[in-house]
2 protein chains.
Amino acid sequence: MPERVNIKQKVLSENDKFATQIRKALKEHKIPCLNLVSSPGSGKTSLLEHTLKHFKDEIKIAIIVGDVQTENDAVRLSDSGGKIIRPIITGGACHLDAKMINKVFENIDINEIDLLIIENVGNLVCPSSYDLGEDMKVVLISTTEGDDKPSKYPAMFRRSSVMVINKIDLLGMSDFELSKVKENALNINGNLQIIDTSCRTKEGLEEWYKFLEQIIEDKKTILE
Amino acid sequence: MPERVNIKQKVLSENDKFATQIRKALKEHKIPCLNLVSSPGSGKTSLLEHTLKHFKDEIKIAIIVGDVQTENDAVRLSDSGGKIIRPIITGGACHLDAKMINKVFENIDINEIDLLIIENVGNLVCPSSYDLGEDMKVVLISTTEGDDKPSKYPAMFRRSSVMVINKIDLLGMSDFELSKVKENALNINGNLQIIDTSCRTKEGLEEWYKFLEQIIEDKKTILE
């Protein structure tokens with residue numbers, strides 16, 4: 001079915017056109033951008049709630065938050081002090097694409113922000129194929145999901161730069177082994193930076209905050 | 001972009017052709033078929049491991065198990081005594097379709113089995129669109145995923161007949177409330193049958209086994 005391939009290529013190349021446009025604008029203003037991906041319920045929104053509360057006005061964060069349906073996450077993030085929260089309801093689509101991002105990105109005053117985070121739809125498969133103009137993908141996995149997930153969903157872990165292992169307070173409540181998931185993930189992507197966190201006990205969040213400060217610093221000092 | 005819609009329709013109608021073929025064969029032999037769907041790591045494979053061990057040879061279960069990559073789940077199910085386990089590696093695709101099912105279904109001797117269970121790819125979005133010839137979809141959700149998931153991924157919960165709430169031994173370890181997830185799900189689909197389970201403590205598994213016995217009984221006695 002050769003038409004199918006062509007259509008897919010056409011959709012992806014249209015996506016890449018918008019992604020390039022977004023990346024260019026972010027580069028000019030030296031704003032780093034993260035694309036946060038995970039299964040449903042791994043804790044993307046919880047991590048961002050903590051992040052907004054921690055940095056308050058110290059670091060100005062814009063968040064574009066994608067959901068298949070409802071604005072629940074956007075409401076949670078606004079309640080946590082988020083001032084620049086842009087919800088996207090995909091209405092059934094299983095991922096965000098760069099065209100959707102571009103539409104809301106145009107309404108963000110890029111001079112006002114230090115960091116852009118995109119919270120993708122909860123899905124470990126489809127979002128891996130779409131470049132949204134980000135500097136890097138950050139994949140979350142929680143300790144209740146099974147330690148073989150990286151090898152079962154390899155594209156996402158291969159295309160991510162950072163893996164956040166969340167819910168480490170629940171270690172020991174299942175067969176999940178921290179060393180196994182790390183070995184499994186590093187087999188797929190030896191360059192993955194790994195951060196262990198618990199949004200419930202706040203363990204490890206300092207390391208996440210330092211990582212964010214570092215990427216903001218790095219982006220400012222990068223040579224053109 | 002009208003071609004895109006046409007291709008999608010073409011793919012879905014090709015899918016439905018195969019689904020109809022599978023459904024017809026299952027109906028003739030009075031074999032019920034479940035399509036098990038969930039996020040990655042909700043416990044589909046664990047539930048099936050227990051199910052195989054519980055019924056041993058009493059009920060002959062064939063399982064078609066889909067994964068993006070690896071045969072991990074198929075190996076686990078064989079180790080649990082599963083005799084008719086058919087793995088499908090989608091190689092990147094985010095869902096099973098009826099054409100993939102049909103290919104392995106042809107290799108199952110339908111006279112030998114009492115029940116067919118399809119373990120879909122871990123994904124709460126895409127598998128909702130594909131009819132695999134099943135009698136019903138069974139959606140799993142675990143108590144670590146957040147109690148607003150049904151409203152955030154409504155298509156899956158609307159198209160399912162049964163919701164299994166797994167990992168109830170972890171209730172109290174997060175903000176997840178059992179009453180909330182049930183209310184949330186029933187708002188979307190008032191006909192959902194709900195079964196609470198813990199694969200770890202085995203709580204609730206008896207109800208799941210009874211449900212399976214019932215659908216086998218119902219299928220045998222159904223009038224043509």
# chains A, B, ... in the order shown; residues from 1 in each chain; ligands from 1
>>> select_by_dssp(residues="stretch 35-215 of chain A", states="helix (DSSP H, G or I)", output="PDB file with N, CA, C and O atoms, in the first residue's frame")
ATOM      1  N   LYS A  44       3.769  12.758  35.292  1.00  0.00           N
ATOM      2  CA  LYS A  44       4.247  13.956  34.586  1.00  0.00           C
ATOM      3  C   LYS A  44       3.686  15.227  35.243  1.00  0.00           C
ATOM      4  O   LYS A  44       4.428  16.157  35.541  1.00  0.00           O
ATOM      5  N   THR A  45       2.375  15.242  35.464  1.00  0.00           N
ATOM      6  CA  THR A  45       1.748  16.449  36.010  1.00  0.00           C
ATOM      7  C   THR A  45       2.201  16.694  37.451  1.00  0.00           C
ATOM      8  O   THR A  45       2.463  17.835  37.834  1.00  0.00           O
ATOM      9  N   SER A  46       2.333  15.634  38.241  1.00  0.00           N
ATOM     10  CA  SER A  46       2.811  15.788  39.619  1.00  0.00           C
ATOM     11  C   SER A  46       4.206  16.403  39.641  1.00  0.00           C
ATOM     12  O   SER A  46       4.495  17.305  40.433  1.00  0.00           O
ATOM     13  N   LEU A  47       5.080  15.921  38.780  1.00  0.00           N
ATOM     14  CA  LEU A  47       6.452  16.451  38.718  1.00  0.00           C
ATOM     15  C   LEU A  47       6.424  17.935  38.364  1.00  0.00           C
ATOM     16  O   LEU A  47       7.154  18.746  38.956  1.00  0.00           O
ATOM     17  N   LEU A  48       5.544  18.302  37.441  1.00  0.00           N
ATOM     18  CA  LEU A  48       5.462  19.715  37.037  1.00  0.00           C
ATOM     19  C   LEU A  48       4.829  20.578  38.128  1.00  0.00           C
ATOM     20  O   LEU A  48       5.224  21.735  38.313  1.00  0.00           O
ATOM     21  N   GLU A  49       3.867  20.023  38.864  1.00  0.00           N
ATOM     22  CA  GLU A  49       3.284  20.773  39.989  1.00  0.00           C
ATOM     23  C   GLU A  49       4.379  21.152  40.987  1.00  0.00           C
ATOM     24  O   GLU A  49       4.478  22.303  41.414  1.00  0.00           O
ATOM     25  N   HIS A  50       5.213  20.157  41.351  1.00  0.00           N
ATOM     26  CA  HIS A  50       6.310  20.421  42.286  1.00  0.00           C
ATOM     27  C   HIS A  50       7.282  21.452  41.715  1.00  0.00           C
ATOM     28  O   HIS A  50       7.762  22.337  42.422  1.00  0.00           O
ATOM     29  N   THR A  51       7.562  21.304  40.423  1.00  0.00           N
ATOM     30  CA  THR A  51       8.541  22.182  39.768  1.00  0.00           C
ATOM     31  C   THR A  51       8.067  23.635  39.796  1.00  0.00           C
ATOM     32  O   THR A  51       8.836  24.551  40.105  1.00  0.00           O
ATOM     33  N   LEU A  52       6.792  23.838  39.486  1.00  0.00           N
ATOM     34  CA  LEU A  52       6.244  25.204  39.497  1.00  0.00           C
ATOM     35  C   LEU A  52       6.289  25.795  40.903  1.00  0.00           C
ATOM     36  O   LEU A  52       6.658  26.959  41.087  1.00  0.00           O
ATOM     37  N   LYS A  53       5.909  24.976  41.896  1.00  0.00           N
ATOM     38  CA  LYS A  53       5.915  25.467  43.282  1.00  0.00           C
ATOM     39  C   LYS A  53       7.339  25.785  43.730  1.00  0.00           C
ATOM     40  O   LYS A  53       7.564  26.768  44.423  1.00  0.00           O
ATOM     41  N   HIS A  54       8.282  24.946  43.340  1.00  0.00           N
ATOM     42  CA  HIS A  54       9.666  25.129  43.778  1.00  0.00           C
ATOM     43  C   HIS A  54      10.267  26.418  43.223  1.00  0.00           C
ATOM     44  O   HIS A  54      10.877  27.195  43.947  1.00  0.00           O
ATOM     45  N   PHE A  55      10.082  26.638  41.914  1.00  0.00           N
ATOM     46  CA  PHE A  55      10.768  27.780  41.302  1.00  0.00           C
ATOM     47  C   PHE A  55       9.970  29.087  41.405  1.00  0.00           C
ATOM     48  O   PHE A  55      10.516  30.158  41.185  1.00  0.00           O
ATOM     49  N   ASN A  72      -8.029  18.751  32.881  1.00  0.00           N
ATOM     50  CA  ASN A  72      -7.665  18.444  34.280  1.00  0.00           C
ATOM     51  C   ASN A  72      -6.227  18.845  34.622  1.00  0.00           C
ATOM     52  O   ASN A  72      -5.982  19.479  35.642  1.00  0.00           O
ATOM     53  N   ASP A  73      -5.286  18.436  33.756  1.00  0.00           N
ATOM     54  CA  ASP A  73      -3.876  18.684  34.070  1.00  0.00           C
ATOM     55  C   ASP A  73      -3.569  20.177  34.035  1.00  0.00           C
ATOM     56  O   ASP A  73      -2.824  20.680  34.878  1.00  0.00           O
ATOM     57  N   ALA A  74      -4.147  20.870  33.060  1.00  0.00           N
ATOM     58  CA  ALA A  74      -3.919  22.314  32.951  1.00  0.00           C
ATOM     59  C   ALA A  74      -4.443  23.025  34.195  1.00  0.00           C
ATOM     60  O   ALA A  74      -3.798  23.931  34.724  1.00  0.00           O
ATOM     61  N   VAL A  75      -5.589  22.582  34.700  1.00  0.00           N
ATOM     62  CA  VAL A  75      -6.159  23.180  35.914  1.00  0.00           C
ATOM     63  C   VAL A  75      -5.226  22.922  37.102  1.00  0.00           C
ATOM     64  O   VAL A  75      -4.925  23.825  37.886  1.00  0.00           O
ATOM     65  N   ARG A  76      -4.723  21.673  37.216  1.00  0.00           N
ATOM     66  CA  ARG A  76      -3.798  21.341  38.309  1.00  0.00           C
ATOM     67  C   ARG A  76      -2.551  22.225  38.260  1.00  0.00           C
ATOM     68  O   ARG A  76      -2.076  22.715  39.280  1.00  0.00           O
ATOM     69  N   LEU A  77      -2.041  22.454  37.053  1.00  0.00           N
ATOM     70  CA  LEU A  77      -0.808  23.235  36.911  1.00  0.00           C
ATOM     71  C   LEU A  77      -1.059  24.719  37.205  1.00  0.00           C
ATOM     72  O   LEU A  77      -0.212  25.387  37.808  1.00  0.00           O
ATOM     73  N   SER A  78      -2.225  25.212  36.823  1.00  0.00           N
ATOM     74  CA  SER A  78      -2.567  26.602  37.168  1.00  0.00           C
ATOM     75  C   SER A  78      -2.691  26.741  38.676  1.00  0.00           C
ATOM     76  O   SER A  78      -2.210  27.708  39.267  1.00  0.00           O
ATOM     77  N   ASP A  79      -3.320  25.756  39.297  1.00  0.00           N
ATOM     78  CA  ASP A  79      -3.489  25.782  40.756  1.00  0.00           C
ATOM     79  C   ASP A  79      -2.138  25.753  41.486  1.00  0.00           C
ATOM     80  O   ASP A  79      -2.045  26.171  42.642  1.00  0.00           O
ATOM     81  N   ALA A  98       3.760  18.979  15.965  1.00  0.00           N
ATOM     82  CA  ALA A  98       4.365  20.315  16.009  1.00  0.00           C
ATOM     83  C   ALA A  98       3.397  21.401  15.528  1.00  0.00           C
ATOM     84  O   ALA A  98       3.496  22.557  15.932  1.00  0.00           O
ATOM     85  N   LYS A  99       2.432  21.023  14.692  1.00  0.00           N
ATOM     86  CA  LYS A  99       1.449  22.008  14.217  1.00  0.00           C
ATOM     87  C   LYS A  99       0.566  22.469  15.389  1.00  0.00           C
ATOM     88  O   LYS A  99       0.270  23.647  15.528  1.00  0.00           O
ATOM     89  N   MET A 100       0.164  21.500  16.229  1.00  0.00           N
ATOM     90  CA  MET A 100      -0.638  21.834  17.423  1.00  0.00           C
ATOM     91  C   MET A 100       0.169  22.741  18.350  1.00  0.00           C
ATOM     92  O   MET A 100      -0.340  23.706  18.905  1.00  0.00           O
ATOM     93  N   ILE A 101       1.449  22.386  18.529  1.00  0.00           N
ATOM     94  CA  ILE A 101       2.316  23.171  19.417  1.00  0.00           C
ATOM     95  C   ILE A 101       2.463  24.594  18.874  1.00  0.00           C
ATOM     96  O   ILE A 101       2.340  25.575  19.609  1.00  0.00           O
ATOM     97  N   ASN A 102       2.701  24.686  17.571  1.00  0.00           N
ATOM     98  CA  ASN A 102       2.930  25.985  16.949  1.00  0.00           C
ATOM     99  C   ASN A 102       1.757  26.938  17.172  1.00  0.00           C
ATOM    100  O   ASN A 102       1.934  28.123  17.420  1.00  0.00           O
ATOM    101  N   LYS A 103       0.571  26.376  17.113  1.00  0.00           N
ATOM    102  CA  LYS A 103      -0.651  27.181  17.265  1.00  0.00           C
ATOM    103  C   LYS A 103      -0.699  27.866  18.642  1.00  0.00           C
ATOM    104  O   LYS A 103      -1.045  29.037  18.739  1.00  0.00           O
ATOM    105  N   VAL A 104      -0.360  27.129  19.700  1.00  0.00           N
ATOM    106  CA  VAL A 104      -0.395  27.757  21.032  1.00  0.00           C
ATOM    107  C   VAL A 104       0.915  28.488  21.335  1.00  0.00           C
ATOM    108  O   VAL A 104       0.926  29.466  22.077  1.00  0.00           O
ATOM    109  N   PHE A 105       1.986  28.026  20.715  1.00  0.00           N
ATOM    110  CA  PHE A 105       3.309  28.658  20.922  1.00  0.00           C
ATOM    111  C   PHE A 105       3.278  30.123  20.492  1.00  0.00           C
ATOM    112  O   PHE A 105       3.893  30.986  21.126  1.00  0.00           O
ATOM    113  N   ILE A 110       7.633  34.866  24.204  1.00  0.00           N
ATOM    114  CA  ILE A 110       8.882  34.132  24.420  1.00  0.00           C
ATOM    115  C   ILE A 110       9.920  34.965  25.187  1.00  0.00           C
ATOM    116  O   ILE A 110      10.841  34.432  25.808  1.00  0.00           O
ATOM    117  N   ASN A 111       9.745  36.302  25.178  1.00  0.00           N
ATOM    118  CA  ASN A 111      10.657  37.175  25.933  1.00  0.00           C
ATOM    119  C   ASN A 111      10.414  37.086  27.436  1.00  0.00           C
ATOM    120  O   ASN A 111      11.232  37.521  28.234  1.00  0.00           O
ATOM    121  N   GLU A 112       9.268  36.539  27.774  1.00  0.00           N
ATOM    122  CA  GLU A 112       8.859  36.499  29.179  1.00  0.00           C
ATOM    123  C   GLU A 112       9.297  35.236  29.903  1.00  0.00           C
ATOM    124  O   GLU A 112       9.101  35.115  31.100  1.00  0.00           O
ATOM    125  N   CYS A 126       3.337   6.366  20.383  1.00  0.00           N
ATOM    126  CA  CYS A 126       3.194   7.328  19.281  1.00  0.00           C
ATOM    127  C   CYS A 126       3.982   8.626  19.453  1.00  0.00           C
ATOM    128  O   CYS A 126       4.560   9.116  18.479  1.00  0.00           O
ATOM    129  N   PRO A 127       4.015   9.242  20.655  1.00  0.00           N
ATOM    130  CA  PRO A 127       4.724  10.532  20.746  1.00  0.00           C
ATOM    131  C   PRO A 127       6.209  10.443  20.399  1.00  0.00           C
ATOM    132  O   PRO A 127       6.837  11.460  20.131  1.00  0.00           O
ATOM    133  N   SER A 128       6.768   9.223  20.386  1.00  0.00           N
ATOM    134  CA  SER A 128       8.195   9.093  20.072  1.00  0.00           C
ATOM    135  C   SER A 128       8.495   9.503  18.628  1.00  0.00           C
ATOM    136  O   SER A 128       9.612   9.867  18.301  1.00  0.00           O
ATOM    137  N   SER A 129       7.489   9.450  17.748  1.00  0.00           N
ATOM    138  CA  SER A 129       7.716   9.727  16.323  1.00  0.00           C
ATOM    139  C   SER A 129       7.635  11.203  15.962  1.00  0.00           C
ATOM    140  O   SER A 129       7.910  11.574  14.830  1.00  0.00           O
ATOM    141  N   LYS A 149      10.040  -2.196  30.836  1.00  0.00           N
ATOM    142  CA  LYS A 149       9.388  -1.294  29.883  1.00  0.00           C
ATOM    143  C   LYS A 149      10.330  -0.701  28.833  1.00  0.00           C
ATOM    144  O   LYS A 149       9.947  -0.613  27.666  1.00  0.00           O
ATOM    145  N   PRO A 150      11.571  -0.311  29.179  1.00  0.00           N
ATOM    146  CA  PRO A 150      12.426   0.247  28.130  1.00  0.00           C
ATOM    147  C   PRO A 150      12.605  -0.699  26.934  1.00  0.00           C
ATOM    148  O   PRO A 150      12.507  -0.264  25.786  1.00  0.00           O
ATOM    149  N   SER A 151      12.814  -1.984  27.198  1.00  0.00           N
ATOM    150  CA  SER A 151      13.017  -2.884  26.054  1.00  0.00           C
ATOM    151  C   SER A 151      11.722  -3.174  25.315  1.00  0.00           C
ATOM    152  O   SER A 151      11.732  -3.533  24.141  1.00  0.00           O
ATOM    153  N   LYS A 152      10.579  -3.011  26.001  1.00  0.00           N
ATOM    154  CA  LYS A 152       9.303  -3.250  25.329  1.00  0.00           C
ATOM    155  C   LYS A 152       8.835  -2.041  24.506  1.00  0.00           C
ATOM    156  O   LYS A 152       8.014  -2.198  23.599  1.00  0.00           O
ATOM    157  N   PRO A 154      11.092   0.456  22.979  1.00  0.00           N
ATOM    158  CA  PRO A 154      12.465   0.966  22.826  1.00  0.00           C
ATOM    159  C   PRO A 154      12.574   2.337  22.156  1.00  0.00           C
ATOM    160  O   PRO A 154      13.458   3.108  22.508  1.00  0.00           O
ATOM    161  N   ALA A 155      11.692   2.653  21.210  1.00  0.00           N
ATOM    162  CA  ALA A 155      11.855   3.911  20.462  1.00  0.00           C
ATOM    163  C   ALA A 155      11.857   5.104  21.413  1.00  0.00           C
ATOM    164  O   ALA A 155      12.672   6.017  21.290  1.00  0.00           O
ATOM    165  N   MET A 156      10.940   5.075  22.379  1.00  0.00           N
ATOM    166  CA  MET A 156      10.821   6.211  23.291  1.00  0.00           C
ATOM    167  C   MET A 156      12.069   6.389  24.137  1.00  0.00           C
ATOM    168  O   MET A 156      12.500   7.520  24.382  1.00  0.00           O
ATOM    169  N   PHE A 157      12.650   5.289  24.578  1.00  0.00           N
ATOM    170  CA  PHE A 157      13.825   5.375  25.444  1.00  0.00           C
ATOM    171  C   PHE A 157      15.083   5.685  24.620  1.00  0.00           C
ATOM    172  O   PHE A 157      16.009   6.316  25.104  1.00  0.00           O
ATOM    173  N   ARG A 158      15.068   5.259  23.366  1.00  0.00           N
ATOM    174  CA  ARG A 158      16.200   5.550  22.481  1.00  0.00           C
ATOM    175  C   ARG A 158      16.226   7.034  22.127  1.00  0.00           C
ATOM    176  O   ARG A 158      17.278   7.638  22.010  1.00  0.00           O
ATOM    177  N   ILE A 168       9.666   6.274  43.511  1.00  0.00           N
ATOM    178  CA  ILE A 168      10.648   5.367  44.143  1.00  0.00           C
ATOM    179  C   ILE A 168      10.269   5.063  45.595  1.00  0.00           C
ATOM    180  O   ILE A 168      10.808   4.136  46.191  1.00  0.00           O
ATOM    181  N   ASP A 169       9.301   5.839  46.152  1.00  0.00           N
ATOM    182  CA  ASP A 169       8.807   5.490  47.495  1.00  0.00           C
ATOM    183  C   ASP A 169       8.047   4.163  47.475  1.00  0.00           C
ATOM    184  O   ASP A 169       7.844   3.545  48.515  1.00  0.00           O
ATOM    185  N   LEU A 170       7.616   3.713  46.290  1.00  0.00           N
ATOM    186  CA  LEU A 170       6.859   2.455  46.202  1.00  0.00           C
ATOM    187  C   LEU A 170       7.753   1.249  45.863  1.00  0.00           C
ATOM    188  O   LEU A 170       7.244   0.153  45.625  1.00  0.00           O
ATOM    189  N   LEU A 178      15.156  -1.387  40.655  1.00  0.00           N
ATOM    190  CA  LEU A 178      15.760  -0.166  40.136  1.00  0.00           C
ATOM    191  C   LEU A 178      16.967  -0.482  39.256  1.00  0.00           C
ATOM    192  O   LEU A 178      17.129   0.085  38.169  1.00  0.00           O
ATOM    193  N   SER A 179      17.815  -1.433  39.715  1.00  0.00           N
ATOM    194  CA  SER A 179      19.021  -1.751  38.946  1.00  0.00           C
ATOM    195  C   SER A 179      18.643  -2.368  37.597  1.00  0.00           C
ATOM    196  O   SER A 179      19.283  -2.111  36.578  1.00  0.00           O
ATOM    197  N   LYS A 180      17.556  -3.163  37.595  1.00  0.00           N
ATOM    198  CA  LYS A 180      17.139  -3.822  36.343  1.00  0.00           C
ATOM    199  C   LYS A 180      16.633  -2.819  35.318  1.00  0.00           C
ATOM    200  O   LYS A 180      16.950  -2.890  34.140  1.00  0.00           O
ATOM    201  N   VAL A 181      15.798  -1.872  35.760  1.00  0.00           N
ATOM    202  CA  VAL A 181      15.242  -0.912  34.796  1.00  0.00           C
ATOM    203  C   VAL A 181      16.357  -0.045  34.225  1.00  0.00           C
ATOM    204  O   VAL A 181      16.340   0.314  33.039  1.00  0.00           O
ATOM    205  N   LYS A 182      17.360   0.262  35.047  1.00  0.00           N
ATOM    206  CA  LYS A 182      18.466   1.100  34.569  1.00  0.00           C
ATOM    207  C   LYS A 182      19.315   0.333  33.550  1.00  0.00           C
ATOM    208  O   LYS A 182      19.679   0.868  32.504  1.00  0.00           O
ATOM    209  N   GLU A 183      19.594  -0.923  33.874  1.00  0.00           N
ATOM    210  CA  GLU A 183      20.374  -1.756  32.957  1.00  0.00           C
ATOM    211  C   GLU A 183      19.628  -1.903  31.626  1.00  0.00           C
ATOM    212  O   GLU A 183      20.206  -1.748  30.544  1.00  0.00           O
ATOM    213  N   ASN A 184      18.340  -2.176  31.756  1.00  0.00           N
ATOM    214  CA  ASN A 184      17.474  -2.348  30.602  1.00  0.00           C
ATOM    215  C   ASN A 184      17.477  -1.092  29.720  1.00  0.00           C
ATOM    216  O   ASN A 184      17.635  -1.160  28.493  1.00  0.00           O
ATOM    217  N   ALA A 185      17.351   0.084  30.358  1.00  0.00           N
ATOM    218  CA  ALA A 185      17.293   1.345  29.610  1.00  0.00           C
ATOM    219  C   ALA A 185      18.644   1.679  28.984  1.00  0.00           C
ATOM    220  O   ALA A 185      18.711   2.105  27.821  1.00  0.00           O
ATOM    221  N   LEU A 186      19.720   1.449  29.741  1.00  0.00           N
ATOM    222  CA  LEU A 186      21.057   1.802  29.231  1.00  0.00           C
ATOM    223  C   LEU A 186      21.496   0.864  28.107  1.00  0.00           C
ATOM    224  O   LEU A 186      22.302   1.237  27.261  1.00  0.00           O
ATOM    225  N   ASN A 187      20.939  -0.349  28.086  1.00  0.00           N
ATOM    226  CA  ASN A 187      21.200  -1.252  26.961  1.00  0.00           C
ATOM    227  C   ASN A 187      20.653  -0.680  25.662  1.00  0.00           C
ATOM    228  O   ASN A 187      21.190  -0.906  24.590  1.00  0.00           O
ATOM    229  N   ILE A 188      19.557   0.037  25.780  1.00  0.00           N
ATOM    230  CA  ILE A 188      18.912   0.627  24.599  1.00  0.00           C
ATOM    231  C   ILE A 188      19.542   1.967  24.246  1.00  0.00           C
ATOM    232  O   ILE A 188      19.698   2.317  23.086  1.00  0.00           O
ATOM    233  N   LEU A 205      13.915  15.174  44.075  1.00  0.00           N
ATOM    234  CA  LEU A 205      13.438  16.330  43.295  1.00  0.00           C
ATOM    235  C   LEU A 205      14.521  17.398  43.145  1.00  0.00           C
ATOM    236  O   LEU A 205      14.592  18.073  42.114  1.00  0.00           O
ATOM    237  N   GLU A 206      15.389  17.508  44.160  1.00  0.00           N
ATOM    238  CA  GLU A 206      16.474  18.502  44.071  1.00  0.00           C
ATOM    239  C   GLU A 206      17.342  18.253  42.833  1.00  0.00           C
ATOM    240  O   GLU A 206      17.765  19.196  42.161  1.00  0.00           O
ATOM    241  N   GLU A 207      17.584  16.977  42.556  1.00  0.00           N
ATOM    242  CA  GLU A 207      18.415  16.642  41.392  1.00  0.00           C
ATOM    243  C   GLU A 207      17.716  17.063  40.099  1.00  0.00           C
ATOM    244  O   GLU A 207      18.345  17.559  39.161  1.00  0.00           O
ATOM    245  N   TRP A 208      16.401  16.900  40.058  1.00  0.00           N
ATOM    246  CA  TRP A 208      15.601  17.329  38.904  1.00  0.00           C
ATOM    247  C   TRP A 208      15.670  18.846  38.739  1.00  0.00           C
ATOM    248  O   TRP A 208      15.865  19.363  37.636  1.00  0.00           O
ATOM    249  N   TYR A 209      15.549  19.558  39.862  1.00  0.00           N
ATOM    250  CA  TYR A 209      15.597  21.021  39.781  1.00  0.00           C
ATOM    251  C   TYR A 209      16.967  21.486  39.281  1.00  0.00           C
ATOM    252  O   TYR A 209      17.063  22.395  38.460  1.00  0.00           O
ATOM    253  N   LYS A 210      18.024  20.822  39.790  1.00  0.00           N
ATOM    254  CA  LYS A 210      19.386  21.182  39.354  1.00  0.00           C
ATOM    255  C   LYS A 210      19.559  20.923  37.861  1.00  0.00           C
ATOM    256  O   LYS A 210      20.193  21.692  37.150  1.00  0.00           O
ATOM    257  N   PHE A 211      18.977  19.815  37.401  1.00  0.00           N
ATOM    258  CA  PHE A 211      19.037  19.502  35.973  1.00  0.00           C
ATOM    259  C   PHE A 211      18.382  20.623  35.158  1.00  0.00           C
ATOM    260  O   PHE A 211      18.933  21.080  34.150  1.00  0.00           O
ATOM    261  N   LEU A 212      17.240  21.120  35.615  1.00  0.00           N
ATOM    262  CA  LEU A 212      16.544  22.200  34.884  1.00  0.00           C
ATOM    263  C   LEU A 212      17.386  23.477  34.885  1.00  0.00           C
ATOM    264  O   LEU A 212      17.535  24.136  33.846  1.00  0.00           O
ATOM    265  N   GLU A 213      17.948  23.806  36.034  1.00  0.00           N
ATOM    266  CA  GLU A 213      18.799  25.008  36.113  1.00  0.00           C
ATOM    267  C   GLU A 213      19.980  24.883  35.148  1.00  0.00           C
ATOM    268  O   GLU A 213      20.357  25.835  34.478  1.00  0.00           O
ATOM    269  N   GLN A 214      20.520  23.669  35.093  1.00  0.00           N
ATOM    270  CA  GLN A 214      21.685  23.437  34.241  1.00  0.00           C
ATOM    271  C   GLN A 214      21.347  23.621  32.761  1.00  0.00           C
ATOM    272  O   GLN A 214      22.110  24.250  32.027  1.00  0.00           O
ATOM    273  N   ILE A 215      20.195  23.090  32.324  1.00  0.00           N
ATOM    274  CA  ILE A 215      19.886  23.223  30.880  1.00  0.00           C
ATOM    275  C   ILE A 215      19.591  24.678  30.514  1.00  0.00           C
ATOM    276  O   ILE A 215      19.862  25.107  29.402  1.00  0.00           O
TER     277      ILE A 215
END
>>> interface_residues(of="chain B", to="chain A", cutoff="6 Å", atoms="only C-alpha atoms", output="list in words")
Gly41, Gln69, Thr70, Cys94, Val125, Glu145, Gly146 and Lys152 of chain B
>>> write_last_selection(atoms="N, CA, C and O atoms", output="PDB file, in the first residue's frame")
ATOM      1  N   GLY B  41       2.096  -1.535  31.854  1.00  0.00           N
ATOM      2  CA  GLY B  41       2.383  -1.779  33.272  1.00  0.00           C
ATOM      3  C   GLY B  41       1.193  -1.798  34.212  1.00  0.00           C
ATOM      4  O   GLY B  41       1.363  -1.748  35.423  1.00  0.00           O
ATOM      5  N   GLN B  69       7.799  -4.522  21.032  1.00  0.00           N
ATOM      6  CA  GLN B  69       9.097  -5.187  20.903  1.00  0.00           C
ATOM      7  C   GLN B  69       9.236  -6.225  22.015  1.00  0.00           C
ATOM      8  O   GLN B  69       8.593  -6.075  23.049  1.00  0.00           O
ATOM      9  N   THR B  70      10.007  -7.222  21.825  1.00  0.00           N
ATOM     10  CA  THR B  70      10.315  -8.329  22.759  1.00  0.00           C
ATOM     11  C   THR B  70       9.173  -9.360  22.851  1.00  0.00           C
ATOM     12  O   THR B  70       8.009  -9.038  22.585  1.00  0.00           O
ATOM     13  N   CYS B  94       1.524   0.901  17.318  1.00  0.00           N
ATOM     14  CA  CYS B  94       1.041   1.231  18.664  1.00  0.00           C
ATOM     15  C   CYS B  94      -0.207   0.450  19.054  1.00  0.00           C
ATOM     16  O   CYS B  94      -0.833   0.742  20.062  1.00  0.00           O
ATOM     17  N   VAL B 125      -4.813   4.687  24.117  1.00  0.00           N
ATOM     18  CA  VAL B 125      -5.454   5.492  23.074  1.00  0.00           C
ATOM     19  C   VAL B 125      -5.747   4.649  21.818  1.00  0.00           C
ATOM     20  O   VAL B 125      -6.880   4.262  21.560  1.00  0.00           O
ATOM     21  N   GLU B 145      -2.249   4.794  38.815  1.00  0.00           N
ATOM     22  CA  GLU B 145      -2.287   5.610  37.591  1.00  0.00           C
ATOM     23  C   GLU B 145      -3.088   6.906  37.703  1.00  0.00           C
ATOM     24  O   GLU B 145      -3.089   7.699  36.761  1.00  0.00           O
ATOM     25  N   GLY B 146      -3.813   7.087  38.805  1.00  0.00           N
ATOM     26  CA  GLY B 146      -4.634   8.299  38.906  1.00  0.00           C
ATOM     27  C   GLY B 146      -6.088   7.996  38.603  1.00  0.00           C
ATOM     28  O   GLY B 146      -6.392   7.296  37.642  1.00  0.00           O
ATOM     29  N   LYS B 152      -9.960  11.147  30.955  1.00  0.00           N
ATOM     30  CA  LYS B 152      -8.876  11.647  30.105  1.00  0.00           C
ATOM     31  C   LYS B 152      -8.668  10.785  28.860  1.00  0.00           C
ATOM     32  O   LYS B 152      -8.115  11.250  27.870  1.00  0.00           O
TER      33      LYS B 152
END
>>> atom_distance(atom1="atom CA of B:Leu96", atom2="atom CA of B:Gly66")
6.6 Å
>>> select_by_dssp(residues="stretch 112-211 of chain B", states="strand (DSSP E)", output="PyMOL selection string")
chain B and resi 115-119+136-142+160-166+193-196
>>> atom_distance(atom1="atom CA of B:Ile222", atom2="atom CA of B:Leu26")
12.7 Å
>>> closest_residue(among="B:Lys17, B:Lys83, B:Lys202, B:Lys219", to="B:Asp109", atoms="only C-alpha atoms")
B:Lys83
>>> closest_residue(among="B:Ile85, B:Leu116, B:Cys199, B:Val139", to="B:Lys27", atoms="only C-alpha atoms")
B:Leu116
